[in-house]
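Asks: My questions will all concern the structure given below.
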Amino acid sequence: MTWQLFELLLQASLMTIFVSVTSILLGLAFAIGLSAMRMSGLGPLVWFARIFISFFRGVPLLVQLLLIFNLLPAIGISLSSLTTALIGLSLCTAAYQAENLRGGFEGVPRGLIESAEMAGLSPVQSFIWIRTPIALRLTFPALVNEAILILKSSSLVSVVGMIELTKMAQNLAASTYMPLPIFASAGLIYLAINWIVAIAGRRAEAALPGLPAK
Amino acid sequence: MSFDFAVILAKAPQILAGLGVTILIWVAGTLLAAILGFLVATARRYGGRLADLVLSVPVEVIRGTPFLVQIFLLYFGGPYIGLRLDPIAAGLLGLTIYGAAYYAEIFRAGFQSVPPGHSEAADCVGLTRMQTILHVQLPEMALLVLPPSMNMAVILLKETALLSLITVPEMTMTVQAIGSQQYAFVESIVVLALVYWALVELANFLGRLAERRLSTYSA
Amino acid sequence: MTQPAISVRNVSKRFGDTLVLKDINLEVPRGQVSCLIGPSGSGKSTLLRCMAFLEEASAGMIEIEGEALGFSEKDGKRRRQTAAELRRTRSKIGMVFQQFNLWPHMTALGNVSMALRRVRGLGRKEAEARAMAQLVKVGLEARAGHYPSQLSGGQQQRVAIARALALEPTIMLFDEPTSALDPELTGEVLNVMRALADEGMTMVVVTHEIGFAASVGNNVCFLDHGQLLFHDTPETVFAAPRHPRLEQFLDTYLDRGAQMLR
Ligand SMILES: Nc1ncnc2c1ncn2[C@@H]1O[C@H](COP(=O)(O)OP(=O)(O)OP(=O)(O)O)[C@@H](O)[C@H]1O
Ligand SMILES: [Mg+2]
């Protein structure tokens with residue numbers, strides 16, 4: 001195991017980080033949309049959100065990626081492997097984040113919604129400015145947790161042709177016949193990134209404004 | 001664009017065989033993982049500070065790295081240290097070790113939830129340490145550990161799909177192979193997704209059922 | 001013209017099978033402080049919440065300065081108003097809750113300027129200037145940048161009052177504004193309310209602070225088991241309680257302020 005090989009792995013891990021961060025943020029936006037649908041009280045939207053969440057939580061990410069990779073071109077949409085990876089990961093994490101957010105939205109004290117109502121905010125404004133930020137605040141630790149899960153899950157996007165940390169390790173292992181040190185190094189890099197995310201998450205949690213009183 | 005599902009469904013027997021392998025590895029892997037995880041948690045709790053510290057390392061490493069990297073390391077790297085396993089054995093071992101790290105954490109939280117007074121009382125009655133753990137503490141923590149355990153089981157079910165990447169002939173690999181033989185990739189993946197979806201929802205349903213049973217039983 | 005600020009006509013409210021308000025009739029005069037007192041569970045909060053349409057009366061009508069709130073009456077039938085109609089009538093009302101209900105993710109200034117920006121459509125600068133003026137009024141300009149979790153209960157409640165006042169309501173409703181506070185913090189909140197009363201704000205205050213009711217209130221309403229038993233001046237209600245339920249209640253709740261009046 002040489003420094004050059006390790007450097008290649010480090011470079012590839014930048015792609016891992018990019019794909020993960022983008023998917024987490026896109027997924028968060030989708031998850032808020034799904035929560036809005038679920039709370040809209042409009043039958044078709046509620047059902048769409050429920051089925052979406054159940055499907056993406058019920059099917060292995062690997063199969064989801066294969067599905068998007070094969071289905072979209074078959075119906076005439078051709079996408080780059082990066083786009084395919086981002087769609088796959090963000091839809092999947094959206095379903096999990098929506099499920100996390102559900103608890104957050106339920107935890108917003110009724111009085112805070114009533115005071116928004118008394119201030120003249122419409123239900124949509126109340127959702128955007130009051131309920132969503134508080135729900136996000138309440139579920140922030142779950143978001144950090146999900147970020148770590150997605151970072152690990154991003155190892156699967158190699159199946160749609162992305163070259164990130166895991167795929168790079170696979171390629172190097174095959175060409176150098178040194179799978180043991182190479183996969184171990186890749187694992188260490190994942191571990192280090194996760195460790196940083198976890199610590200940064202705890203710091204951020206402590207720095208955020210307080211939780212609503214019970 | 002037209003899809004032809006008939007060619008996939010014609011291969012139902014093969015798909016079922018793949019499903020059988022998936023379920024077998026899943027059930028065996030989950031049970032072994034739960035047992036190993038329980039042993040690790042017990043050792044961390046009662047084996048002294050050194051055991052706790054030493055065992056925390058593999059638990060954190062496994063929880064901090066992707067399952068895919070772990071099975072690649074085991075399957076492709078194993079032979080270099082004399083660990084030559086066929087795909088199914090490697091897959092089962094990989095799933096067990098991976099799951100055990102998470103079950104160890106679940107049971108650790110479980111041990112922490114049992115008030116110390118209860119096990120001390122059992123000690124006084126003259127039960128051995130292992131008897132106390134199995135007959136006093138395990139039942140007491142059951143209600144707490146059941147939901148995350150069922151949750152973990154469902155996660156492991158979905159992780160079995162990754163074993164196709166080390167050529168374990170489970171459902172994902174089988175259905176993909178059928179898809180490429182028949183030139184019906186999309187159809188094959190759609191069928192595959194639907195089967196997993198049904199399986200996961202079934203597992204979730206059974207999990208909720210078990211929870212309800214246990215909570216009425218212990219109430 | 002002496003149109004009342006709030007008029008409550010034949011209002012009843014049931015939760016499931018229990019009748020919590022029984023045929024309430026009440027006129028809240030403008031520019032005065034009306035206190036709602038009564039034992040726990042007598043329906044004070046429910047009546048106040050009906051006045052803000054946070055609770056829908058099961059029967060009867062409520063009018064705010066002559067305009068129907070929540071339901072309109074036509075040919076003797078009640079019709080649910082649209083959201084826009086409701087919001088327009090409700091904009092005359094400010095509400096202060098027992099639990100303050102400040103939004104925890106915004107600073108004091110953010111809480112007070114929120115609706116000015118999002119509902120009134122003011123620019124950030126102007127909204128914050130107006131919000132700051134309200135914070136000055138409740139004596140909290142120095143805390144403008146603090147989050148609710150960094151404020152004491154009394155300070156939070158004063159911010160909540162400033163938040164309601166920022167929208168320039170003509171009527172303020174208070175639901176036990178001091179009962180979640182430590183005793184030494186009630187004074188600062190009551191002082192703010194007293195100053196508001198002196199400015200001529202129409203106020204309805206649910207309170208167990210009999211001293212405040214006696215010294216600041218112009219009217220006192222006594223609610224018991226969902227019925228409005230008395231509606232009179234504090235002197236009459238406290239100095240010469242004629243009703244056994246009221247006597248019993250006062251024996252339990254009387255504090256020093258009212259003791260002196262007696
Ligand atoms: N949402 C609700 N659902 C069912 N019952 C309710 C609800 N809100 C209030 N009640 C009941 O209505 C009755 C009146 O409640 P309310 O809160 O108005 O009393 P209160 O006079 O404000 O009491 P307190 O002094 O304790 O605040 C009580 O018996 C209460 O249990
Ligand atoms: Mg009340």
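Starting from 1 in every chain, residues are counted up; chains themselves are A, B, ... following the order of the structure tokens, and ligands are numbered from 1 as listed.
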Name the residues of region 98-138 of chain A that fall into alpha helix (DSSP H) according to DSSP on the backbone, using the chain letters and numbers of this document, as a VMD selection string.
Replies: chain A and resid 98 to 106 110 to 118 123 to 126 132 to 138
Asks: Would you mind exporting the chosen residues as a compact mmCIF listing (two decimals), in the first residue's frame, restricted to C-alpha atoms?
Replies:
# COMPACT_ATOMS: atom_id res chain seq x y z
CA ALA A 98 -39.90 12.43 5.85
CA GLU A 99 -40.46 9.66 8.35
CA ASN A 100 -38.09 11.35 10.81
CA LEU A 101 -39.75 14.70 10.24
CA ARG A 102 -43.16 13.23 11.02
CA GLY A 103 -42.17 12.97 14.65
CA GLY A 104 -40.80 16.51 14.53
CA PHE A 105 -43.99 17.96 13.13
CA GLU A 106 -46.02 16.08 15.72
CA ARG A 110 -50.07 23.27 19.55
CA GLY A 111 -49.75 26.64 21.26
CA LEU A 112 -46.99 27.71 18.86
CA ILE A 113 -49.23 26.99 15.90
CA GLU A 114 -52.09 28.84 17.57
CA SER A 115 -49.92 31.88 18.16
CA ALA A 116 -48.98 31.84 14.47
CA GLU A 117 -52.66 31.65 13.62
CA MET A 118 -53.39 34.61 15.92
CA PRO A 123 -51.62 27.73 7.16
CA VAL A 124 -49.00 27.71 4.39
CA GLN A 125 -47.04 30.55 6.01
CA SER A 126 -47.29 28.83 9.35
CA THR A 132 -40.95 23.37 9.52
CA PRO A 133 -38.09 25.16 11.31
CA ILE A 134 -39.24 23.83 14.67
CA ALA A 135 -39.69 20.31 13.31
CA LEU A 136 -36.20 20.49 11.81
CA ARG A 137 -34.80 21.72 15.09
CA LEU A 138 -36.47 18.88 16.98
Asks: Please identify all protein, DNA and RNA residues within 10 Å of ligand 2, counting only C-alpha atoms and all ligand atoms, and report them as a list in words.
Replies: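 Selection of residues at most 10 Å from ligand 2: Ile37, Gly38, Pro39, Ser40, Gly41, Ser42, Gly43, Lys44, Ser45, Thr46, Leu47, Leu48, Arg49, Phe97, Gln98, Asp175, Glu176, Ser179, Val206, Thr207 and His208 of chain C.
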Asks: If we count only C-alpha atoms and set the cut-off at 12 Å, which residues sit around Val46 (chain A), ignoring sequence neighbours fewer than 4 positions away in its own chain? Please answer as a PDB file with C-alpha atoms, in the first residue's frame.
Replies:
ATOM      1  CA  GLY A  33     -42.522  18.549   0.466  1.00  0.00           C
ATOM      2  CA  LEU A  34     -43.650  15.034   1.361  1.00  0.00           C
ATOM      3  CA  SER A  35     -44.505  16.179   4.895  1.00  0.00           C
ATOM      4  CA  ALA A  36     -46.542  19.052   3.486  1.00  0.00           C
ATOM      5  CA  MET A  37     -48.416  16.616   1.255  1.00  0.00           C
ATOM      6  CA  ARG A  38     -49.043  14.263   4.128  1.00  0.00           C
ATOM      7  CA  MET A  39     -50.414  17.053   6.310  1.00  0.00           C
ATOM      8  CA  SER A  40     -52.382  18.760   3.531  1.00  0.00           C
ATOM      9  CA  GLY A  41     -55.478  16.676   4.192  1.00  0.00           C
ATOM     10  CA  LEU A  42     -55.973  16.326   0.429  1.00  0.00           C
ATOM     11  CA  ARG A  50     -47.631   7.533   1.943  1.00  0.00           C
ATOM     12  CA  ILE A  51     -46.947   5.228  -0.994  1.00  0.00           C
ATOM     13  CA  PHE A  52     -43.760   7.083  -1.914  1.00  0.00           C
ATOM     14  CA  ILE A  53     -42.416   6.788   1.616  1.00  0.00           C
TER      15      ILE A  53
END
Asks: Quick one: of A:Ala186, A:Leu71, A:Leu149, A:Leu82, who's nearest to Ala173 (chain A), counting only C-alpha atoms?
Replies: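 When distances to Ala173 (chain A) are compared using only C-alpha atoms, the smallest one comes from A:Ala186.
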Asks: Find the distance between CA of Ala142 (chain A) and CA of Thr160 (chain B) and write it in Å to one decimal.
Replies: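 For CA of Ala142 (chain A) relative to CA of Thr160 (chain B), the distance reads 24.4 Å.
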Asks: Identify, on the basis of only C-alpha atoms, every residue whose closest approach to Leu165 (chain B) does not exceed 10 Å; exclude the query and any residue fewer than 2 positions from it along the same chain; express the result as number ranges by chain.
Replies: A: 62, 159; B: 68, 71-72, 87, 91, 160-163, 167-169, 172-173
Asks: Measure the distance from CA of Ala94 (chain A) to CA of Ser20 (chain A) in Å and round it to one decimal.
Replies: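 Separation between CA of Ala94 (chain A) and CA of Ser20 (chain A): 12.6 Å.
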Asks: Could you check how far CA of Asp86 (chain B) sits from CA of Met178 (chain A), in Å to one decimal?
Replies: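 Value for the CA of Asp86 (chain B)-CA of Met178 (chain A) distance: 19.3 Å.
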Asks: Would you please work out which residue, of A:Gln11, A:Ser122, A:Ser158, A:Asn194, is nearest to chain C when using only C-alpha atoms?
Replies: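 Closest candidate: A:Ser122.
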Asks: Go through C:Arg117, C:Arg87, C:His146, C:Arg78 one by one, measure the shortest atom-to-atom distance of each to chain A using only C-alpha atoms, and give the residue with the smallest value.
Replies: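 The answer is C:Arg87, which sits nearest to chain A.
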Asks: Write out as a list in words the residues lying within 8 Å of region 195-201 of chain A, counting only C-alpha atoms and excluding same-chain residues fewer than 2 positions away.
Replies: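 Selected residues are Pro141, Val144, Asn145, Ala147, Ile148, Leu191, Ala192, Ile193, Arg203, Ala204 and Glu205 of chain A; Gly64 of chain B.
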Asks: Would you give me, as a ChimeraX atom specification, the residues of chain A that come within 9 Å of chain B, using only C-alpha atoms?
Replies: /A:54-64,66-67,70-71,74-76,148-149,151-156,166,169-170,173,178-184,186-192,194-195
Asks: Using only C-alpha atoms, find the one residue out of C:Asn218, C:Ser12, C:Thr107, C:Ser7 that sits nearest to chain A.
Replies: C:Thr107
Asks: Find the residues of chain C in contact range of chain A, meaning any atom within 6 Å when counting only C-alpha atoms, and list them as a PyMOL selection string.
Replies: chain C and resi 101+104-105+115+149
Asks: Write the residues you've just listed into a file as a PDB file, in the first residue's frame, and include N, CA, C and O atoms for each of them.
Replies:
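Below is the file that was written, selection_36.pdb:
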ATOM      1  N   ASN C 101     -45.831  30.812  24.453  1.00  0.00           N
ATOM      2  CA  ASN C 101     -45.874  30.373  23.051  1.00  0.00           C
ATOM      3  C   ASN C 101     -45.036  31.215  22.114  1.00  0.00           C
ATOM      4  O   ASN C 101     -45.429  31.480  20.983  1.00  0.00           O
ATOM      5  N   PRO C 104     -39.500  29.304  19.265  1.00  0.00           N
ATOM      6  CA  PRO C 104     -38.180  29.127  19.876  1.00  0.00           C
ATOM      7  C   PRO C 104     -37.018  29.338  18.912  1.00  0.00           C
ATOM      8  O   PRO C 104     -35.898  29.533  19.348  1.00  0.00           O
ATOM      9  N   HIS C 105     -37.301  29.299  17.612  1.00  0.00           N
ATOM     10  CA  HIS C 105     -36.200  29.412  16.646  1.00  0.00           C
ATOM     11  C   HIS C 105     -35.966  30.849  16.209  1.00  0.00           C
ATOM     12  O   HIS C 105     -35.185  31.089  15.292  1.00  0.00           O
ATOM     13  N   ALA C 115     -44.796  38.700  11.981  1.00  0.00           N
ATOM     14  CA  ALA C 115     -46.047  38.932  11.263  1.00  0.00           C
ATOM     15  C   ALA C 115     -46.029  40.260  10.512  1.00  0.00           C
ATOM     16  O   ALA C 115     -46.666  40.393   9.468  1.00  0.00           O
ATOM     17  N   SER C 149     -35.250  30.750  24.780  1.00  0.00           N
ATOM     18  CA  SER C 149     -34.623  29.894  25.787  1.00  0.00           C
ATOM     19  C   SER C 149     -33.614  30.664  26.632  1.00  0.00           C
ATOM     20  O   SER C 149     -33.174  30.175  27.673  1.00  0.00           O
TER      21      SER C 149
END
Asks: Excluding same-chain residues fewer than 5 positions from Val145 (chain B), what lies within 8 Å of it counting only C-alpha atoms, as a list in words?
Replies: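 So, after excluding close chain neighbours, the residues are Ile106, Phe107, Ala109 and Gly110 of chain B.
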